[in-house]
Structures are given as structure tokens and as C-alpha cells.
file upload_9.txt (compact mmCIF, C-alpha atoms)
# COMPACT_ATOMS: atom_id res chain seq x y z
CA MET A 1 -49.22 -55.32 -70.10
CA ASP A 2 -49.80 -52.58 -72.69
CA GLU A 3 -48.74 -52.30 -76.32
CA PHE A 4 -45.50 -50.54 -75.39
CA GLU A 5 -44.42 -53.30 -73.03
CA ARG A 6 -45.20 -55.91 -75.70
CA GLU A 7 -43.06 -53.90 -78.06
CA MET A 8 -40.29 -53.84 -75.43
CA ARG A 9 -40.43 -57.61 -75.02
CA GLN A 10 -40.18 -58.06 -78.77
CA ALA A 11 -37.32 -55.57 -79.08
CA PHE A 12 -35.42 -57.17 -76.20
CA GLU A 13 -35.42 -60.72 -77.49
CA ARG A 14 -32.15 -62.56 -76.95
CA ARG A 15 -29.58 -62.10 -79.66
CA PRO A 16 -27.74 -65.12 -81.02
CA ALA A 17 -24.19 -65.37 -79.69
CA PRO A 18 -21.36 -64.83 -82.20
CA PRO A 19 -20.63 -68.07 -84.06
CA GLY A 20 -17.05 -68.40 -82.79
CA LEU A 21 -17.84 -67.80 -79.13
CA LYS A 22 -18.09 -71.43 -78.05
CA ARG A 23 -14.96 -72.46 -79.98
CA LYS A 24 -12.88 -69.62 -78.49
CA LEU A 25 -14.24 -70.39 -75.07
CA MET A 26 -13.34 -74.08 -75.29
CA GLU A 27 -9.82 -73.17 -76.48
CA LYS A 28 -9.35 -70.81 -73.54
CA ARG A 29 -10.69 -73.47 -71.20
CA ARG A 30 -8.25 -76.07 -72.52
CA ALA A 31 -5.36 -73.62 -72.20
CA LYS A 32 -6.25 -72.92 -68.58
CA GLN A 33 -6.42 -76.56 -67.54
CA PRO A 34 -3.31 -77.69 -65.65
CA GLN A 35 -1.00 -79.83 -67.79
CA PHE A 36 1.64 -82.18 -66.38
CA SER A 37 4.63 -81.09 -68.42
CA PHE A 38 8.19 -82.45 -68.09
CA PHE A 39 8.98 -79.46 -65.89
CA THR A 40 6.12 -80.31 -63.54
CA TRP A 41 7.29 -83.93 -63.23
CA GLN A 42 10.85 -82.72 -62.64
CA ARG A 43 9.68 -80.47 -59.83
CA LEU A 44 7.62 -83.26 -58.34
CA ALA A 45 10.61 -85.66 -58.44
CA ALA A 46 12.91 -83.03 -56.89
CA SER A 47 10.40 -82.47 -54.10
CA LEU A 48 10.21 -86.21 -53.42
CA VAL A 49 14.00 -86.58 -53.33
CA LEU A 50 14.33 -83.60 -51.00
CA THR A 51 11.67 -85.00 -48.70
CA ALA A 52 13.43 -88.41 -48.65
CA ILE A 53 16.79 -86.78 -47.83
CA LEU A 54 15.27 -84.74 -44.99
CA ALA A 55 13.43 -87.76 -43.57
CA GLY A 56 16.66 -89.87 -43.80
CA GLY A 57 18.68 -87.19 -42.05
CA PHE A 58 16.16 -86.92 -39.27
CA GLN A 59 16.10 -90.72 -38.80
CA TRP A 60 19.94 -90.93 -38.78
CA ARG A 61 20.11 -88.20 -36.10
CA ASN A 62 17.60 -90.10 -33.97
CA VAL A 63 19.63 -93.33 -34.22
CA GLN A 64 22.83 -91.48 -33.30
CA GLU A 65 21.23 -89.89 -30.26
CA ARG A 66 19.90 -93.27 -29.12
CA ARG A 67 23.40 -94.80 -29.44
CA LYS A 68 24.91 -92.00 -27.36
CA GLU A 69 22.24 -92.50 -24.70
CA GLU A 70 23.03 -96.27 -24.57
CA ALA A 71 26.78 -95.64 -24.21
CA ALA A 72 26.24 -93.09 -21.42
CA ARG A 73 23.97 -95.50 -19.55
CA GLU A 74 26.53 -98.30 -19.96
CA GLN A 75 29.23 -96.01 -18.52
CA VAL A 76 27.09 -95.10 -15.52
CA MET A 77 26.33 -98.79 -14.85
CA THR A 78 30.03 -99.68 -15.05
CA ALA A 79 30.90 -96.86 -12.61
CA LEU A 80 28.21 -98.06 -10.21
CA ARG A 81 29.48 -101.68 -10.42
CA ILE A 82 33.06 -100.56 -9.67
CA THR A 83 31.91 -98.41 -6.75
CA ASN A 84 29.84 -101.29 -5.40
CA HIS A 85 32.76 -103.68 -5.69
CA ALA A 86 35.10 -101.23 -3.89
CA LEU A 87 32.59 -100.64 -1.10
CA ASN A 88 32.10 -104.40 -0.60
CA HIS A 89 35.86 -104.90 -0.44
CA MET A 90 36.20 -102.06 2.10
CA ASN A 91 33.36 -103.46 4.16
CA ALA A 92 34.96 -106.93 4.30
CA ARG A 93 38.30 -105.45 5.44
CA LEU A 94 36.62 -103.38 8.16
CA ALA A 95 34.74 -106.46 9.42
CA ALA A 96 38.01 -108.50 9.52
CA ARG A 97 39.80 -105.75 11.49
CA ARG A 98 36.93 -105.54 14.00
CA ARG A 99 37.10 -109.31 14.53
CA ASP A 100 40.90 -109.14 15.09
CA GLU A 101 40.46 -106.36 17.69
CA GLN A 102 37.86 -108.41 19.61
CA ASP A 103 40.11 -111.47 19.70
CA MET B 1 -32.23 -84.29 -54.74
CA ALA B 2 -30.09 -81.44 -56.00
CA HIS B 3 -26.99 -83.55 -56.39
CA ASP B 4 -28.59 -85.91 -58.93
CA TRP B 5 -28.01 -83.15 -61.46
CA GLN B 6 -24.69 -83.40 -63.29
CA ALA B 7 -23.29 -80.14 -64.63
CA ASP B 8 -22.18 -80.47 -68.24
CA PHE B 9 -20.13 -77.41 -69.14
CA GLU B 10 -20.54 -77.68 -72.92
CA GLN B 11 -24.26 -78.17 -72.60
CA LEU B 12 -24.54 -75.13 -70.34
CA VAL B 13 -22.60 -73.06 -72.89
CA ASP B 14 -24.93 -74.22 -75.68
CA GLN B 15 -28.01 -73.44 -73.62
CA HIS B 16 -27.03 -70.07 -72.20
CA GLN B 17 -24.51 -68.43 -74.52
CA SER B 18 -27.21 -66.38 -76.22
CA MET B 19 -28.59 -65.19 -72.87
CA VAL B 20 -25.19 -64.24 -71.43
CA PHE B 21 -24.08 -62.54 -74.65
CA SER B 22 -27.34 -60.58 -74.98
CA LEU B 23 -27.21 -59.38 -71.38
CA ALA B 24 -23.63 -58.18 -71.80
CA LEU B 25 -24.38 -56.64 -75.20
CA ARG B 26 -27.39 -54.67 -73.95
CA MET B 27 -25.55 -53.53 -70.85
CA THR B 28 -22.35 -52.42 -72.61
CA GLY B 29 -23.47 -51.77 -76.17
CA ASP B 30 -20.20 -53.20 -77.52
CA ARG B 31 -20.25 -56.54 -79.35
CA GLY B 32 -16.54 -57.23 -78.85
CA LEU B 33 -16.67 -56.44 -75.17
CA ALA B 34 -19.88 -58.45 -74.77
CA GLU B 35 -18.16 -61.48 -76.31
CA GLU B 36 -15.20 -61.07 -73.93
CA ILE B 37 -17.55 -60.76 -70.97
CA ALA B 38 -19.48 -63.86 -72.07
CA GLN B 39 -16.21 -65.85 -72.28
CA ASP B 40 -15.11 -64.65 -68.84
CA VAL B 41 -18.50 -65.52 -67.35
CA PHE B 42 -18.38 -69.07 -68.72
CA LEU B 43 -14.76 -69.57 -67.64
CA GLU B 44 -15.78 -68.51 -64.15
CA LEU B 45 -18.68 -70.94 -64.33
CA ASP B 46 -16.18 -73.67 -65.23
CA ARG B 47 -14.17 -72.87 -62.10
CA ASN B 48 -17.32 -72.92 -59.93
CA LEU B 49 -19.08 -75.85 -61.60
CA GLY B 50 -18.90 -77.93 -58.43
CA ARG B 51 -21.04 -75.42 -56.56
CA ILE B 52 -23.85 -75.36 -59.11
CA GLU B 53 -26.77 -77.37 -57.75
CA ASN B 54 -29.18 -77.61 -60.67
CA ALA B 55 -30.14 -76.18 -64.06
CA ASN B 56 -32.10 -73.26 -62.55
CA HIS B 57 -29.21 -72.40 -60.26
CA ALA B 58 -26.87 -72.39 -63.27
CA CYS B 59 -29.15 -69.98 -65.14
CA PHE B 60 -29.52 -67.70 -62.09
CA TRP B 61 -25.75 -67.79 -61.46
CA LEU B 62 -24.95 -66.93 -65.10
CA ARG B 63 -27.39 -64.00 -65.12
CA ARG B 64 -25.96 -62.58 -61.91
CA VAL B 65 -22.32 -62.93 -62.97
CA ALA B 66 -23.04 -61.59 -66.48
CA MET B 67 -24.68 -58.47 -65.01
CA ASN B 68 -21.85 -57.97 -62.50
CA ARG B 69 -19.13 -58.41 -65.13
CA SER B 70 -20.91 -56.03 -67.51
CA THR B 71 -21.21 -53.37 -64.81
CA ASP B 72 -17.53 -53.82 -63.94
CA ALA B 73 -16.58 -53.45 -67.63
CA ILE B 74 -18.64 -50.26 -67.99
CA ARG B 75 -16.98 -48.79 -64.90
CA ARG B 76 -13.50 -49.75 -66.08
CA ARG B 77 -14.10 -48.15 -69.44
CA ARG B 78 -15.56 -45.06 -67.81
CA VAL B 79 -12.43 -44.72 -65.69
CA ARG B 80 -10.40 -44.88 -68.90
CA GLY B 81 -12.62 -42.15 -70.38
CA ILE B 82 -14.42 -44.27 -72.96
CA ASP B 83 -18.18 -43.97 -73.11
CA LEU B 84 -19.38 -47.26 -74.56
CA TRP B 85 -22.80 -46.03 -75.44
CA VAL B 86 -21.43 -43.22 -77.61
CA GLU B 87 -20.56 -45.98 -80.07
CA MET B 88 -23.92 -47.66 -79.60
CA GLU B 89 -25.43 -46.35 -82.83
CA ASP B 90 -22.63 -47.83 -84.93
CA VAL B 91 -21.93 -51.05 -83.12
CA HIS B 92 -25.07 -52.21 -81.42
CA GLY B 93 -27.62 -50.38 -83.50
CA ALA B 94 -26.67 -51.99 -86.76
CA PRO B 95 -28.38 -55.38 -86.36
CA THR B 96 -31.71 -53.84 -85.39
CA GLU B 97 -32.79 -53.60 -89.01
CA ASP B 98 -34.62 -56.89 -88.75
CA ARG B 99 -36.88 -55.61 -85.98
CA ALA B 100 -40.58 -55.72 -86.88
CA THR B 101 -41.45 -52.11 -86.00
CA PRO B 102 -39.54 -48.84 -86.09
CA LEU B 103 -40.26 -48.36 -82.40
CA GLY B 104 -38.79 -51.77 -81.55
CA ALA B 105 -35.71 -51.01 -83.61
CA ARG B 106 -35.05 -47.80 -81.69
CA LEU B 107 -35.90 -49.06 -78.22
CA GLU B 108 -32.55 -50.73 -77.72
CA GLN B 109 -30.80 -47.56 -78.75
CA LEU B 110 -32.93 -45.47 -76.41
CA LEU B 111 -31.95 -47.83 -73.62
CA ALA B 112 -28.52 -46.18 -73.80
CA THR B 113 -29.87 -42.98 -72.35
CA LEU B 114 -30.97 -44.64 -69.10
CA SER B 115 -28.85 -45.02 -66.00
CA GLU B 116 -27.07 -48.37 -65.47
CA PRO B 117 -29.38 -49.64 -62.71
CA GLN B 118 -32.48 -48.73 -64.72
CA ARG B 119 -31.00 -50.39 -67.80
CA ALA B 120 -30.13 -53.54 -65.84
CA ALA B 121 -33.62 -53.80 -64.35
CA LEU B 122 -35.34 -53.28 -67.71
CA ILE B 123 -33.09 -55.78 -69.51
CA LEU B 124 -33.80 -58.45 -66.93
CA ARG B 125 -37.52 -57.63 -67.00
CA TYR B 126 -38.03 -57.60 -70.77
CA GLN B 127 -35.26 -59.81 -72.12
CA GLU B 128 -35.31 -62.46 -69.39
CA ASP B 129 -38.96 -62.02 -68.39
CA LEU B 130 -38.07 -61.92 -64.67
CA THR B 131 -40.36 -60.69 -61.92
CA PRO B 132 -39.22 -57.71 -59.81
CA GLU B 133 -38.44 -60.18 -56.97
CA GLU B 134 -36.22 -62.27 -59.24
CA ILE B 135 -34.50 -59.12 -60.54
CA ALA B 136 -33.84 -58.01 -56.96
CA ASP B 137 -32.29 -61.43 -56.24
CA THR B 138 -30.16 -61.33 -59.38
CA LEU B 139 -28.89 -57.80 -58.83
CA GLU B 140 -28.65 -58.25 -55.05
CA ALA B 141 -30.66 -55.05 -54.63
CA PRO B 142 -33.65 -54.19 -52.42
CA LEU B 143 -37.01 -54.97 -54.04
CA ALA B 144 -38.27 -51.39 -53.58
CA THR B 145 -35.21 -50.04 -55.39
CA VAL B 146 -35.70 -52.47 -58.27
CA LYS B 147 -39.39 -51.55 -58.57
CA SER B 148 -38.45 -47.88 -58.60
CA HIS B 149 -35.81 -48.44 -61.32
CA LEU B 150 -38.32 -50.39 -63.39
CA GLN B 151 -41.04 -47.75 -63.10
CA ARG B 152 -38.80 -44.77 -63.72
CA GLY B 153 -36.87 -46.51 -66.50
CA LEU B 154 -40.03 -47.57 -68.26
CA LYS B 155 -41.56 -44.11 -67.92
CA LEU B 156 -38.44 -42.46 -69.33
CA LEU B 157 -38.18 -44.95 -72.16
CA ARG B 158 -41.87 -44.57 -72.98
CA ALA B 159 -41.56 -40.78 -73.14
CA LYS B 160 -38.46 -40.97 -75.33
CA ALA B 161 -40.03 -43.59 -77.57
CA GLN B 162 -43.17 -41.48 -78.04
CA SER B 163 -41.15 -38.46 -79.00
CA HIS B 164 -39.08 -40.62 -81.37
CA LEU B 165 -42.24 -42.10 -82.90
CA LYS B 166 -43.64 -38.61 -83.55
CA GLU B 167 -40.42 -37.67 -85.31
CA TYR B 168 -40.55 -40.92 -87.28
CA VAL B 169 -44.19 -40.33 -88.38
CA ARG B 170 -43.36 -36.73 -89.25
CA GLY B 171 -40.33 -37.93 -91.19
CA ASN B 172 -42.40 -40.50 -93.06
CA LYS B 173 -45.09 -37.96 -93.91
CA PHE B 174 -42.42 -35.60 -95.16
CA ALA B 175 -40.89 -38.36 -97.27
CA GLU B 176 -44.29 -39.33 -98.67
CA GLY B 177 -45.10 -35.67 -99.35
CA SER B 178 -41.87 -35.09 -101.19
CA LEU B 179 -42.41 -38.28 -103.20
CA SER B 180 -45.95 -37.23 -104.22
CA ASP B 181 -44.69 -33.74 -105.04
CA GLY B 182 -42.03 -35.25 -107.23
call {"tool": "encode", "arguments": {"input": "upload_9.txt", "output": "C-alpha cells"}}
result
Amino acid sequence: MDEFEREMRQAFERRPAPPGLKRKLMEKRRAKQPQFSFFTWQRLAASLVLTAILAGGFQWRNVQERRKEEAAREQVMTALRITNHALNHMNARLAARRRDEQD
Amino acid sequence: MAHDWQADFEQLVDQHQSMVFSLALRMTGDRGLAEEIAQDVFLELDRNLGRIENANHACFWLRRVAMNRSTDAIRRRRVRGIDLWVEMEDVHGAPTEDRATPLGARLEQLLATLSEPQRAALILRYQEDLTPEEIADTLEAPLATVKSHLQRGLKLLRAKAQSHLKEYVRGNKFAEGSLSDG
């Protein structure tokens, strides 16, 4: 390193930062940090209520659909029982008539 | 054990504010703008604090971001038609009075006449005492390019400084002569 480069190093020493730099920086940093204001809480509460309403609605619809399914199955079973009963009755009458004809 | 290190934002500001401010000041030549850049750099550091692995990484990161932000600021101002270094003599040149030699006092001002990449390389070399390899890492530039910027920048600055020194010596002799005449 020659004299000129030594001179350069001396001339290019770090300069002290302005005295207010850190204070201004910390103020800006504080201002940028997220703060939970009343408005934020209000939005959070509204979101929770909305979510609860949607979840409730979905659950209610599920229960209703299950009830309808049960009723439909009950109706089919009743129809099958009636049909079965009628067929049995018809069968018994046919058997009685066949016996009469043989006698 | 990189993760044993705990980043303390305030401590990092205390340690590096002078470095970041000086880099921005020498790149832009505007104290107000340099202060703004320094604030932006530290606010960005705050947002990225989780990614900083250790003290050396923090220093490297701050240098890189300070140089990038300064270059961006110079380009923005250039687009708006403001040449920062035109105001260099008034704004940045003023505090050089305390420099030990007349050459040292003028060197910073002569830096204005160099191109941005040459200026950036020389600042990192002589202010931060970085090797060409470290400068290449910081500026994300090829090593050969950085070496070329350093050589050409230094040569230019040396030539300008010599011519300035001759003028200074001539000026001093003239002043002495006029004093002895009087």
C-alpha cells in the first residue's frame, strides 16, 4: 500500500451518524409494529361470529338431511311390510282354494 | 452453532449506524438522503431479523442493502433530473475541514467524478477495508469486474488528486508570495 492509498483510507473513515438517527428510527419502528386497536378486536369478533353462524347453519342442514333420510327409509319399510302382508294373505287364500278343489 | 446468536435490533443499530450512514453518504453525497437510506436499511433489517444468522452476517447484510438502497436512490433522483453530486461541494464537502491533509479533504469530493460502480468498489475497499472478493460478494458482481473498477477508479482518483495537489501547492505558493510581497 502506497502513501496515496493510506491517504484514501484516512479520508474514507466512517462518519458518525446524525445524533437523531437512532431515535427517529425507533419511532418509525414502533409506528410500524401492529397494534391491536378496538377496530382490530371488533373485526376479529365479527369474524368469529360469522364463522360460528356459518358452522351452525352447516350443522343444521346436515341434521335436517339426516331426518329426511330417516323418514324416507321408514316409509319404504312400511310399504314393504304392507306388501309382504298382502302377499301372505293372497298366498293363504290361493292355498285354501287349491285344497277345496282337490277335495 | 449459528442459532446461539440472538439478534438485538437496538444493539445492531448502535454498532452499525455509522457504517450504514457513511456508505449511503459517500454513495449519494446528500446527508438528508443518506439518513433516510440508513433508516430504511435498518427498518428492513428489523423485518428480516429472523434470517440473520450471526454478527458477521448482520454486518454483511447491512453493507449489501445499504449499497443497493443508495444505488436505487441515485437512480431515482437521476430519473427526476436531480444530480446529487452537483450539490456535493455544499452538502458533503463541508465537514471535511477536520481532515488531516488537504489531499484527504478533497478525496471525498473527487470521488464524485467517478462512475457509480467505481465509487462503490472504492468506498467498500477504503472505508470498510474489504478485499476484492468480499466487495464482489457484497455487490453481487464478478470478481474480475470489481478488480477492474478498483484499478480504474484508483488510477483516475490518483490522477485527479495529483492535479489537485499541484493546484493546491501553486495556490499556497501564490498566497505565500503575495503575503511576503505585502
call {"tool": "closest_residue", "arguments": {"input": "upload_9.txt", "among": "B:Gln6, B:Ser22, B:Gln15, B:Thr145", "to": "chain A", "atoms": "all atoms listed in the file"}}
result
B:Ser22
call {"tool": "closest_atom_pairs", "arguments": {"input": "upload_9.txt", "of": "chain B", "to": "chain A", "cutoff": "8 Å", "atoms": "all atoms listed in the file", "output": "Markdown table"}}
result
| residue | atom | partner | partner_atom | distance |
| --- | --- | --- | --- | --- |
| B:Val13 | CA | A:Lys22 | CA | 7.0 |
| B:Asp14 | CA | A:Lys22 | CA | 7.8 |
| B:Gln17 | CA | A:Ala17 | CA | 6.0 |
| B:Ser18 | CA | A:Ala17 | CA | 4.7 |
| B:Met19 | CA | A:Arg14 | CA | 6.0 |
| B:Phe21 | CA | A:Ala17 | CA | 5.8 |
| B:Ser22 | CA | A:Arg15 | CA | 5.4 |
| B:Glu35 | CA | A:Leu21 | CA | 6.9 |
| B:Gln39 | CA | A:Leu25 | CA | 5.7 |
| B:Phe42 | CA | A:Leu25 | CA | 7.7 |
| B:Leu43 | CA | A:Arg29 | CA | 6.7 |
| B:Arg99 | CA | A:Ala11 | CA | 6.9 |
| B:Leu103 | CA | A:Glu7 | CA | 7.6 |
| B:Gly104 | CA | A:Ala11 | CA | 4.8 |
| B:Ala105 | CA | A:Ala11 | CA | 6.6 |
| B:Leu107 | CA | A:Ala11 | CA | 6.7 |
| B:Glu108 | CA | A:Ala11 | CA | 6.9 |
| B:Ile123 | CA | A:Phe12 | CA | 7.2 |
| B:Tyr126 | CA | A:Arg9 | CA | 4.9 |
| B:Gln127 | CA | A:Phe12 | CA | 4.9 |
| B:Arg158 | CA | A:Phe4 | CA | 7.4 |
call {"tool": "atom_distance", "arguments": {"input": "upload_9.txt", "atom1": "CA of Phe60 (chain B)", "atom2": "CA of Asp72 (chain B)"}}
result
18.4 Å
call {"tool": "atom_distance", "arguments": {"input": "upload_9.txt", "atom1": "CA of Glu3 (chain A)", "atom2": "CA of Gln162 (chain B)"}}
result
12.3 Å
call {"tool": "closest_residue", "arguments": {"input": "upload_9.txt", "among": "B:His149, B:His16, B:Lys166, B:Arg119", "to": "Ser70 (chain B)", "atoms": "all atoms listed in the file"}}
result
B:Arg119
call {"tool": "atom_distance", "arguments": {"input": "upload_9.txt", "atom1": "CA of Glu128 (chain B)", "atom2": "CA of Arg63 (chain B)"}}
result
9.1 Å
call {"tool": "closest_residue", "arguments": {"input": "upload_9.txt", "among": "B:Ala73, B:Ala141, B:Ala7, B:Val79", "to": "Asn48 (chain B)", "atoms": "only C-alpha atoms"}}
result
B:Ala7
call {"tool": "decode", "arguments": {"input": "upload_9.txt", "residues": "region 11-46 of chain A", "atoms": "N, CA and C atoms", "output": "PDB file, in the first residue's frame"}}
result
ATOM      1  N   ALA A  11      -8.960   9.335   4.593  1.00  0.00           N
ATOM      2  CA  ALA A  11     -10.044  10.211   4.134  1.00  0.00           C
ATOM      3  C   ALA A  11     -11.394   9.513   4.177  1.00  0.00           C
ATOM      4  N   PHE A  12     -11.392   8.204   4.012  1.00  0.00           N
ATOM      5  CA  PHE A  12     -12.644   7.446   3.938  1.00  0.00           C
ATOM      6  C   PHE A  12     -13.014   6.784   5.260  1.00  0.00           C
ATOM      7  N   GLU A  13     -12.575   7.369   6.345  1.00  0.00           N
ATOM      8  CA  GLU A  13     -13.003   6.826   7.649  1.00  0.00           C
ATOM      9  C   GLU A  13     -14.508   6.996   7.791  1.00  0.00           C
ATOM     10  N   ARG A  14     -15.112   6.131   8.591  1.00  0.00           N
ATOM     11  CA  ARG A  14     -16.570   6.228   8.787  1.00  0.00           C
ATOM     12  C   ARG A  14     -16.926   7.545   9.465  1.00  0.00           C
ATOM     13  N   ARG A  15     -18.011   8.107   9.012  1.00  0.00           N
ATOM     14  CA  ARG A  15     -18.519   9.338   9.626  1.00  0.00           C
ATOM     15  C   ARG A  15     -19.516   8.977  10.722  1.00  0.00           C
ATOM     16  N   PRO A  16     -19.549   9.742  11.800  1.00  0.00           N
ATOM     17  CA  PRO A  16     -20.570   9.447  12.815  1.00  0.00           C
ATOM     18  C   PRO A  16     -21.969   9.703  12.264  1.00  0.00           C
ATOM     19  N   ALA A  17     -22.901   8.846  12.635  1.00  0.00           N
ATOM     20  CA  ALA A  17     -24.285   9.024  12.163  1.00  0.00           C
ATOM     21  C   ALA A  17     -24.891  10.261  12.820  1.00  0.00           C
ATOM     22  N   PRO A  18     -25.865  10.898  12.195  1.00  0.00           N
ATOM     23  CA  PRO A  18     -26.511  12.066  12.818  1.00  0.00           C
ATOM     24  C   PRO A  18     -27.085  11.686  14.186  1.00  0.00           C
ATOM     25  N   PRO A  19     -27.027  12.582  15.149  1.00  0.00           N
ATOM     26  CA  PRO A  19     -27.430  12.238  16.517  1.00  0.00           C
ATOM     27  C   PRO A  19     -28.866  11.719  16.636  1.00  0.00           C
ATOM     28  N   GLY A  20     -29.772  12.232  15.823  1.00  0.00           N
ATOM     29  CA  GLY A  20     -31.182  11.829  15.960  1.00  0.00           C
ATOM     30  C   GLY A  20     -31.557  10.564  15.202  1.00  0.00           C
ATOM     31  N   LEU A  21     -30.603   9.970  14.520  1.00  0.00           N
ATOM     32  CA  LEU A  21     -30.944   8.851  13.625  1.00  0.00           C
ATOM     33  C   LEU A  21     -31.582   7.683  14.375  1.00  0.00           C
ATOM     34  N   LYS A  22     -30.972   7.300  15.487  1.00  0.00           N
ATOM     35  CA  LYS A  22     -31.486   6.131  16.212  1.00  0.00           C
ATOM     36  C   LYS A  22     -32.893   6.415  16.781  1.00  0.00           C
ATOM     37  N   ARG A  23     -33.055   7.621  17.316  1.00  0.00           N
ATOM     38  CA  ARG A  23     -34.358   7.980  17.906  1.00  0.00           C
ATOM     39  C   ARG A  23     -35.462   7.941  16.837  1.00  0.00           C
ATOM     40  N   LYS A  24     -35.177   8.565  15.690  1.00  0.00           N
ATOM     41  CA  LYS A  24     -36.169   8.584  14.599  1.00  0.00           C
ATOM     42  C   LYS A  24     -36.479   7.167  14.122  1.00  0.00           C
ATOM     43  N   LEU A  25     -35.428   6.393  14.056  1.00  0.00           N
ATOM     44  CA  LEU A  25     -35.568   5.007  13.597  1.00  0.00           C
ATOM     45  C   LEU A  25     -36.458   4.204  14.549  1.00  0.00           C
ATOM     46  N   MET A  26     -36.220   4.373  15.855  1.00  0.00           N
ATOM     47  CA  MET A  26     -37.003   3.614  16.829  1.00  0.00           C
ATOM     48  C   MET A  26     -38.475   4.061  16.801  1.00  0.00           C
ATOM     49  N   GLU A  27     -38.693   5.370  16.572  1.00  0.00           N
ATOM     50  CA  GLU A  27     -40.068   5.879  16.466  1.00  0.00           C
ATOM     51  C   GLU A  27     -40.783   5.258  15.269  1.00  0.00           C
ATOM     52  N   LYS A  28     -40.071   5.239  14.132  1.00  0.00           N
ATOM     53  CA  LYS A  28     -40.656   4.647  12.917  1.00  0.00           C
ATOM     54  C   LYS A  28     -40.948   3.168  13.139  1.00  0.00           C
ATOM     55  N   ARG A  29     -40.039   2.513  13.843  1.00  0.00           N
ATOM     56  CA  ARG A  29     -40.191   1.072  14.088  1.00  0.00           C
ATOM     57  C   ARG A  29     -41.426   0.809  14.941  1.00  0.00           C
ATOM     58  N   ARG A  30     -41.587   1.639  15.984  1.00  0.00           N
ATOM     59  CA  ARG A  30     -42.758   1.492  16.868  1.00  0.00           C
ATOM     60  C   ARG A  30     -44.045   1.714  16.082  1.00  0.00           C
ATOM     61  N   ALA A  31     -44.019   2.743  15.224  1.00  0.00           N
ATOM     62  CA  ALA A  31     -45.215   3.077  14.435  1.00  0.00           C
ATOM     63  C   ALA A  31     -45.590   1.958  13.478  1.00  0.00           C
ATOM     64  N   LYS A  32     -44.591   1.217  13.016  1.00  0.00           N
ATOM     65  CA  LYS A  32     -44.869   0.155  12.045  1.00  0.00           C
ATOM     66  C   LYS A  32     -45.304  -1.146  12.679  1.00  0.00           C
ATOM     67  N   GLN A  33     -45.079  -1.276  14.006  1.00  0.00           N
ATOM     68  CA  GLN A  33     -45.471  -2.523  14.660  1.00  0.00           C
ATOM     69  C   GLN A  33     -46.982  -2.626  14.732  1.00  0.00           C
ATOM     70  N   PRO A  34     -47.553  -3.812  14.484  1.00  0.00           N
ATOM     71  CA  PRO A  34     -49.013  -3.946  14.505  1.00  0.00           C
ATOM     72  C   PRO A  34     -49.571  -3.730  15.905  1.00  0.00           C
ATOM     73  N   GLN A  35     -50.614  -2.903  16.009  1.00  0.00           N
ATOM     74  CA  GLN A  35     -51.232  -2.641  17.309  1.00  0.00           C
ATOM     75  C   GLN A  35     -52.659  -3.151  17.286  1.00  0.00           C
ATOM     76  N   PHE A  36     -53.059  -3.833  18.392  1.00  0.00           N
ATOM     77  CA  PHE A  36     -54.419  -4.351  18.472  1.00  0.00           C
ATOM     78  C   PHE A  36     -55.348  -3.250  18.979  1.00  0.00           C
ATOM     79  N   SER A  37     -55.896  -2.492  18.046  1.00  0.00           N
ATOM     80  CA  SER A  37     -56.795  -1.407  18.409  1.00  0.00           C
ATOM     81  C   SER A  37     -58.206  -1.987  18.605  1.00  0.00           C
ATOM     82  N   PHE A  38     -59.133  -1.117  19.041  1.00  0.00           N
ATOM     83  CA  PHE A  38     -60.534  -1.524  19.217  1.00  0.00           C
ATOM     84  C   PHE A  38     -61.095  -2.056  17.899  1.00  0.00           C
ATOM     85  N   PHE A  39     -60.711  -1.365  16.807  1.00  0.00           N
ATOM     86  CA  PHE A  39     -61.194  -1.746  15.485  1.00  0.00           C
ATOM     87  C   PHE A  39     -60.745  -3.166  15.123  1.00  0.00           C
ATOM     88  N   THR A  40     -59.491  -3.469  15.475  1.00  0.00           N
ATOM     89  CA  THR A  40     -58.958  -4.803  15.177  1.00  0.00           C
ATOM     90  C   THR A  40     -59.735  -5.870  15.935  1.00  0.00           C
ATOM     91  N   TRP A  41     -59.981  -5.585  17.252  1.00  0.00           N
ATOM     92  CA  TRP A  41     -60.738  -6.543  18.071  1.00  0.00           C
ATOM     93  C   TRP A  41     -62.148  -6.730  17.520  1.00  0.00           C
ATOM     94  N   GLN A  42     -62.748  -5.600  17.091  1.00  0.00           N
ATOM     95  CA  GLN A  42     -64.107  -5.633  16.545  1.00  0.00           C
ATOM     96  C   GLN A  42     -64.157  -6.532  15.300  1.00  0.00           C
ATOM     97  N   ARG A  43     -63.137  -6.375  14.460  1.00  0.00           N
ATOM     98  CA  ARG A  43     -63.089  -7.188  13.238  1.00  0.00           C
ATOM     99  C   ARG A  43     -62.904  -8.664  13.566  1.00  0.00           C
ATOM    100  N   LEU A  44     -62.064  -8.902  14.585  1.00  0.00           N
ATOM    101  CA  LEU A  44     -61.804 -10.277  14.997  1.00  0.00           C
ATOM    102  C   LEU A  44     -63.089 -10.926  15.520  1.00  0.00           C
ATOM    103  N   ALA A  45     -63.829 -10.154  16.372  1.00  0.00           N
ATOM    104  CA  ALA A  45     -65.078 -10.658  16.946  1.00  0.00           C
ATOM    105  C   ALA A  45     -66.102 -10.924  15.842  1.00  0.00           C
ATOM    106  N   ALA A  46     -66.205  -9.997  14.889  1.00  0.00           N
ATOM    107  CA  ALA A  46     -67.153 -10.159  13.778  1.00  0.00           C
ATOM    108  C   ALA A  46     -66.823 -11.409  12.972  1.00  0.00           C
TER     109      ALA A  46
END
